[in-house]
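What follows is one structure encoded as structure tokens, with my remarks underneath.
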Amino acid sequence: MDYRSKLIRRAAALGVAGALVAAMAGCGAAPGAVPPEGSQPAAAQAIEVKVASAAYGTIDRQTEFVGRVEAADSVKVYATSQAKVLKTYAAPGEYVEKGQLLFELDTENLQTMVETARLQYEAALSGANTTIIQSKNAYDSAGSMYSTLKESRDAIEDARDAASSAVSRAKKALEAAQQQLEGMTEEDEGYAEAAAAVETAMKVYESAQAGYEQANNAYIQNYDKLDEQVDSARKSLVTARDTYQNTKGDEEAGVTGTVQSQVDLAKISYDNAVKSLNEAKVYAPVAGIVSARNVAASDMATPGAPAYIIDQEGGAPMVSFNLSEDGANALTVGSPVTVVYSGQEYPAHITELSNSANPQTGLYAAKAQTDEPLGTSRSGGVVKVKASTAKAENALLLPLELLEYDENQPFVYVYRDGTAVRVDVTTGISSAEEVVILSGITAGDQIITTWHPDLKDGAAVALAQQQ
């Protein structure tokens, strides 16, 4: 067989092999092939939904208690904390006005509590920025890791595609060289150059095939593993983003971040400590005659025993009732309440509030006095006492019925670009109809109000025509 025939047969064999490789590389339905990033399955029919937005407002949670009318005979005055009495200012038999100072407690321990709470509040303030910076760094790091892994995964896919393209180009160049040599004999002018071109084209083609095999093997060995790592990094990035957003909050949208919430809690503790210190001075809740003084300078006053008893003269009737711990924490002596008697409402104020719960009931005893007579001289009648036990002003409010729960985690579905997105929320106080949203959503979010059995995170949704 002459040299020309051998050359043509070798090139033909290589051409068949190259066609098979190119077909394998270009077939999108090959078994085990990994779909390209961003490809989507056949679209499901979108769920038609309606939406609403959270709004800013005020929640004033009114709690009703059952009370009984008592004669306005006497009022017991208690110390707000257990401490040594420094000085008393009213003696038995003395007439005192409402708001007159009765006795004063030693404030050394209370001042220590105030100083400790102040330092904790300042530490919360100073640590807030550090926490936000750390959260932002974690978010940036997660983003960098995701980008690096995605680039690595995409690089091996791009390398395989580039190698496949190189095979196709080399095959076309070889076919062109073969056509140039076709029909020529060794005696023809230019035969040697054409034969050399075919030989060079075959080497390039063989090299391209080897490069493709190497790139394809790298793809097979690494793509799936890298794709899993990219997916994991994407989830970590979303978690880090949500953590950062929840940490710093959104001041413009009125969303309080977790760091600010911690600062606010520390501020509340500090304010409560200051309040306790201020309450070391105990004043008369009503006007009348001091019938008993049960403490003296250097005595230990306790919240469970009355320090003073004041007899009222011609005062309005008293109403006794019991409070839960939440109610006792929300109210104090002097707090306004409303007494409902015979269908009419009477303004009143708390005159007594026990600092110790009844061991049998776990409730705190309280008394309130109406600002005007109830129109009855009988005692023992049942009345209602209404009090504000929780209040939030200028808060982001959402109807309770829109909240869903995953175990103990409340969440809502938010409409975003034709997709239902689950958003976990942090809630505050609530009324019978609304709840305060502390974090998770903003006033601009479109909360899905429609229930549907197929509604879930990532579900396709479409906005319904709203009246």
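Going by the structure tokens order, chains are called A, B, ..., each with residues numbered from 1, while ligands are numbered from 1 in the order shown.
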- Which neighbours of Ala163 in chain A fall inside 8 Å, counting only C-alpha atoms, when residues of the same chain fewer than 5 positions from it are skipped, and could you give them as a ChimeraX atom specification? /A:208-209,211-212,215
Selection file, N, CA, C and O atoms, as a PDB file, in the first residue's frame:
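Produced file result_36.pdb, reproduced below:
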```
ATOM      1  N   ALA A 208      -6.315  17.465  20.254  1.00  0.00           N
ATOM      2  CA  ALA A 208      -7.604  18.000  20.717  1.00  0.00           C
ATOM      3  C   ALA A 208      -8.432  16.905  21.377  1.00  0.00           C
ATOM      4  O   ALA A 208      -9.098  17.126  22.400  1.00  0.00           O
ATOM      5  N   GLN A 209      -8.398  15.687  20.753  1.00  0.00           N
ATOM      6  CA  GLN A 209      -9.136  14.575  21.355  1.00  0.00           C
ATOM      7  C   GLN A 209      -8.593  14.236  22.744  1.00  0.00           C
ATOM      8  O   GLN A 209      -9.355  13.995  23.678  1.00  0.00           O
ATOM      9  N   GLY A 211      -7.031  16.232  24.731  1.00  0.00           N
ATOM     10  CA  GLY A 211      -7.409  17.316  25.643  1.00  0.00           C
ATOM     11  C   GLY A 211      -8.856  17.195  26.091  1.00  0.00           C
ATOM     12  O   GLY A 211      -9.181  17.442  27.255  1.00  0.00           O
ATOM     13  N   TYR A 212      -9.718  16.791  25.137  1.00  0.00           N
ATOM     14  CA  TYR A 212     -11.129  16.634  25.513  1.00  0.00           C
ATOM     15  C   TYR A 212     -11.314  15.496  26.513  1.00  0.00           C
ATOM     16  O   TYR A 212     -12.077  15.608  27.475  1.00  0.00           O
ATOM     17  N   ALA A 215     -10.260  16.744  29.863  1.00  0.00           N
ATOM     18  CA  ALA A 215     -11.236  17.690  30.421  1.00  0.00           C
ATOM     19  C   ALA A 215     -12.523  16.975  30.809  1.00  0.00           C
ATOM     20  O   ALA A 215     -13.146  17.279  31.835  1.00  0.00           O
TER      21      ALA A 215
END
```
- Might you pull out every residue within 7 Å of Leu323 in chain A, with only C-alpha atoms counted and same-chain residues fewer than 3 positions away left off, and present them as an MDAnalysis selection string? chainID A and resid 327:328 363:365
Output of the above residues as a short mmCIF file (atom, residue, chain, number, x, y, z; two decimals), in the first residue's frame, restricted to N, CA, C and O atoms:
```cif
data_model
loop_
_atom_site.label_atom_id
_atom_site.label_comp_id
_atom_site.auth_asym_id
_atom_site.auth_seq_id
_atom_site.Cartn_x
_atom_site.Cartn_y
_atom_site.Cartn_z
N GLY A 327 -49.33 40.81 84.82
CA GLY A 327 -50.08 42.00 85.18
C GLY A 327 -49.42 42.76 86.31
O GLY A 327 -49.36 44.00 86.29
N ALA A 328 -48.89 42.03 87.30
CA ALA A 328 -48.22 42.69 88.42
C ALA A 328 -46.96 43.42 87.97
O ALA A 328 -46.62 44.48 88.50
N LEU A 363 -51.18 34.26 92.54
CA LEU A 363 -51.62 35.57 92.09
C LEU A 363 -51.22 36.66 93.07
O LEU A 363 -50.95 36.38 94.25
N TYR A 364 -51.18 37.90 92.58
CA TYR A 364 -50.77 39.04 93.39
C TYR A 364 -52.01 39.87 93.74
O TYR A 364 -52.76 40.27 92.85
N ALA A 365 -52.20 40.13 95.03
CA ALA A 365 -53.36 40.90 95.48
C ALA A 365 -53.17 42.38 95.17
O ALA A 365 -52.07 42.92 95.31
#
```
- Polymer residues at most 12 Å from Gln409 in chain A, only C-alpha atoms, same-chain spacing of 2 or more positions, as an MDAnalysis selection string: chainID A and resid 403:407 411:412 422:427 440
Output the selection as a JSON list (two decimals), in the first residue's frame - N, CA, C and O atoms for each residue.
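The resulting result-v4.json:
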```
[["chain", "number", "residue", "atom", "x", "y", "z"],
["A", 403, "LEU", "N", -50.23, 34.61, 60.50],
["A", 403, "LEU", "CA", -49.06, 33.88, 60.98],
["A", 403, "LEU", "C", -49.27, 32.38, 60.82],
["A", 403, "LEU", "O", -50.34, 31.84, 61.10],
["A", 404, "GLU", "N", -48.22, 31.70, 60.35],
["A", 404, "GLU", "CA", -48.19, 30.24, 60.36],
["A", 404, "GLU", "C", -47.02, 29.82, 61.25],
["A", 404, "GLU", "O", -46.13, 30.64, 61.56],
["A", 405, "TYR", "N", -47.03, 28.55, 61.65],
["A", 405, "TYR", "CA", -46.01, 28.10, 62.62],
["A", 405, "TYR", "C", -45.37, 26.80, 62.14],
["A", 405, "TYR", "O", -46.04, 25.89, 61.66],
["A", 406, "ASP", "N", -44.07, 26.75, 62.27],
["A", 406, "ASP", "CA", -43.29, 25.54, 62.09],
["A", 406, "ASP", "C", -42.74, 25.18, 63.45],
["A", 406, "ASP", "O", -41.75, 25.76, 63.90],
["A", 407, "GLU", "N", -43.41, 24.25, 64.16],
["A", 407, "GLU", "CA", -43.17, 24.01, 65.58],
["A", 407, "GLU", "C", -43.43, 25.33, 66.31],
["A", 407, "GLU", "O", -44.53, 25.84, 66.29],
["A", 411, "PHE", "N", -43.95, 32.19, 61.00],
["A", 411, "PHE", "CA", -43.47, 32.65, 59.70],
["A", 411, "PHE", "C", -44.65, 33.08, 58.84],
["A", 411, "PHE", "O", -45.82, 32.79, 59.16],
["A", 412, "VAL", "N", -44.34, 33.78, 57.77],
["A", 412, "VAL", "CA", -45.34, 34.17, 56.77],
["A", 412, "VAL", "C", -44.78, 33.85, 55.40],
["A", 412, "VAL", "O", -43.58, 33.61, 55.23],
["A", 422, "ARG", "N", -40.89, 31.86, 52.08],
["A", 422, "ARG", "CA", -41.13, 31.77, 53.52],
["A", 422, "ARG", "C", -40.18, 32.71, 54.24],
["A", 422, "ARG", "O", -38.97, 32.72, 53.98],
["A", 423, "VAL", "N", -40.73, 33.51, 55.16],
["A", 423, "VAL", "CA", -39.91, 34.44, 55.95],
["A", 423, "VAL", "C", -40.25, 34.22, 57.42],
["A", 423, "VAL", "O", -41.39, 34.40, 57.84],
["A", 424, "ASP", "N", -39.25, 33.82, 58.20],
["A", 424, "ASP", "CA", -39.44, 33.66, 59.64],
["A", 424, "ASP", "C", -39.49, 35.04, 60.29],
["A", 424, "ASP", "O", -38.76, 35.96, 59.88],
["A", 425, "VAL", "N", -40.34, 35.20, 61.28],
["A", 425, "VAL", "CA", -40.50, 36.49, 61.94],
["A", 425, "VAL", "C", -40.32, 36.32, 63.45],
["A", 425, "VAL", "O", -40.49, 35.24, 64.00],
["A", 426, "THR", "N", -39.97, 37.43, 64.09],
["A", 426, "THR", "CA", -39.91, 37.50, 65.54],
["A", 426, "THR", "C", -41.06, 38.37, 66.00],
["A", 426, "THR", "O", -41.25, 39.48, 65.50],
["A", 427, "THR", "N", -41.86, 37.87, 66.92],
["A", 427, "THR", "CA", -43.06, 38.57, 67.34],
["A", 427, "THR", "C", -42.91, 39.15, 68.75],
["A", 427, "THR", "O", -42.12, 38.66, 69.56],
["A", 440, "GLY", "N", -37.98, 40.46, 60.65],
["A", 440, "GLY", "CA", -38.31, 39.47, 59.61],
["A", 440, "GLY", "C", -38.91, 40.09, 58.38],
["A", 440, "GLY", "O", -38.52, 39.78, 57.27]]
```
- Query: Which neighbours of Ala387 in chain A fall inside 9 Å, counting only C-alpha atoms, when residues of the same chain fewer than 3 positions from it are skipped, and could you give them as a PyMOL selection string?
  - Reply: chain A and resi 61-65+327+331+335-338
Write the residues of the selection above to a file with N, CA and C atoms, as an mmCIF file, in the first residue's frame.
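Result went into again.cif, see below:
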```cif
data_model
loop_
_atom_site.group_PDB
_atom_site.id
_atom_site.type_symbol
_atom_site.label_atom_id
_atom_site.label_comp_id
_atom_site.auth_asym_id
_atom_site.auth_seq_id
_atom_site.Cartn_x
_atom_site.Cartn_y
_atom_site.Cartn_z
ATOM 1 N N ARG A 61 -52.853 46.402 74.987
ATOM 2 C CA ARG A 61 -53.548 45.186 75.392
ATOM 3 C C ARG A 61 -54.251 45.405 76.721
ATOM 4 N N GLN A 62 -55.566 45.396 76.670
ATOM 5 C CA GLN A 62 -56.383 45.562 77.863
ATOM 6 C C GLN A 62 -56.733 44.193 78.434
ATOM 7 N N THR A 63 -56.473 44.021 79.719
ATOM 8 C CA THR A 63 -56.780 42.764 80.401
ATOM 9 C C THR A 63 -57.873 43.019 81.425
ATOM 10 N N GLU A 64 -58.829 42.126 81.491
ATOM 11 C CA GLU A 64 -59.928 42.264 82.446
ATOM 12 C C GLU A 64 -59.718 41.334 83.644
ATOM 13 N N PHE A 65 -59.978 41.862 84.825
ATOM 14 C CA PHE A 65 -59.894 41.092 86.060
ATOM 15 C C PHE A 65 -61.238 41.185 86.782
ATOM 16 N N GLY A 327 -49.329 40.807 84.819
ATOM 17 C CA GLY A 327 -50.082 42.001 85.182
ATOM 18 C C GLY A 327 -49.421 42.762 86.307
ATOM 19 N N LEU A 331 -48.010 46.791 86.101
ATOM 20 C CA LEU A 331 -48.678 47.834 86.864
ATOM 21 C C LEU A 331 -47.905 48.152 88.136
ATOM 22 N N SER A 335 -51.007 53.318 89.087
ATOM 23 C CA SER A 335 -51.353 53.044 87.690
ATOM 24 C C SER A 335 -52.859 53.211 87.474
ATOM 25 N N PRO A 336 -53.271 53.830 86.363
ATOM 26 C CA PRO A 336 -54.707 53.995 86.092
ATOM 27 C C PRO A 336 -55.340 52.685 85.660
ATOM 28 N N VAL A 337 -56.548 52.436 86.100
ATOM 29 C CA VAL A 337 -57.353 51.301 85.673
ATOM 30 C C VAL A 337 -58.785 51.797 85.491
ATOM 31 N N THR A 338 -59.648 50.930 84.989
ATOM 32 C CA THR A 338 -61.053 51.274 84.810
ATOM 33 C C THR A 338 -61.913 50.220 85.513
#
```
- Message: Excluding Val319 in chain A and its own-chain neighbours fewer than 3 positions away, which residues fall within 7 Å of it when counting only C-alpha atoms? Please give them as a list in words.
- Response: Gly67, Arg68, Val69, Glu70, Lys367, Ala368 and Gln369 of chain A
- Expected answer as a ChimeraX atom specification: alpha helix (DSSP H) residues in range 133-308 of chain A: /A:133-181,191-248,258-278
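The shortest atom-to-atom distance to Ile447 in chain A, with only C-alpha atoms taken into account, belongs to A:Leu398 out of A:Leu265, A:Leu237, A:Ala46, A:Leu398.
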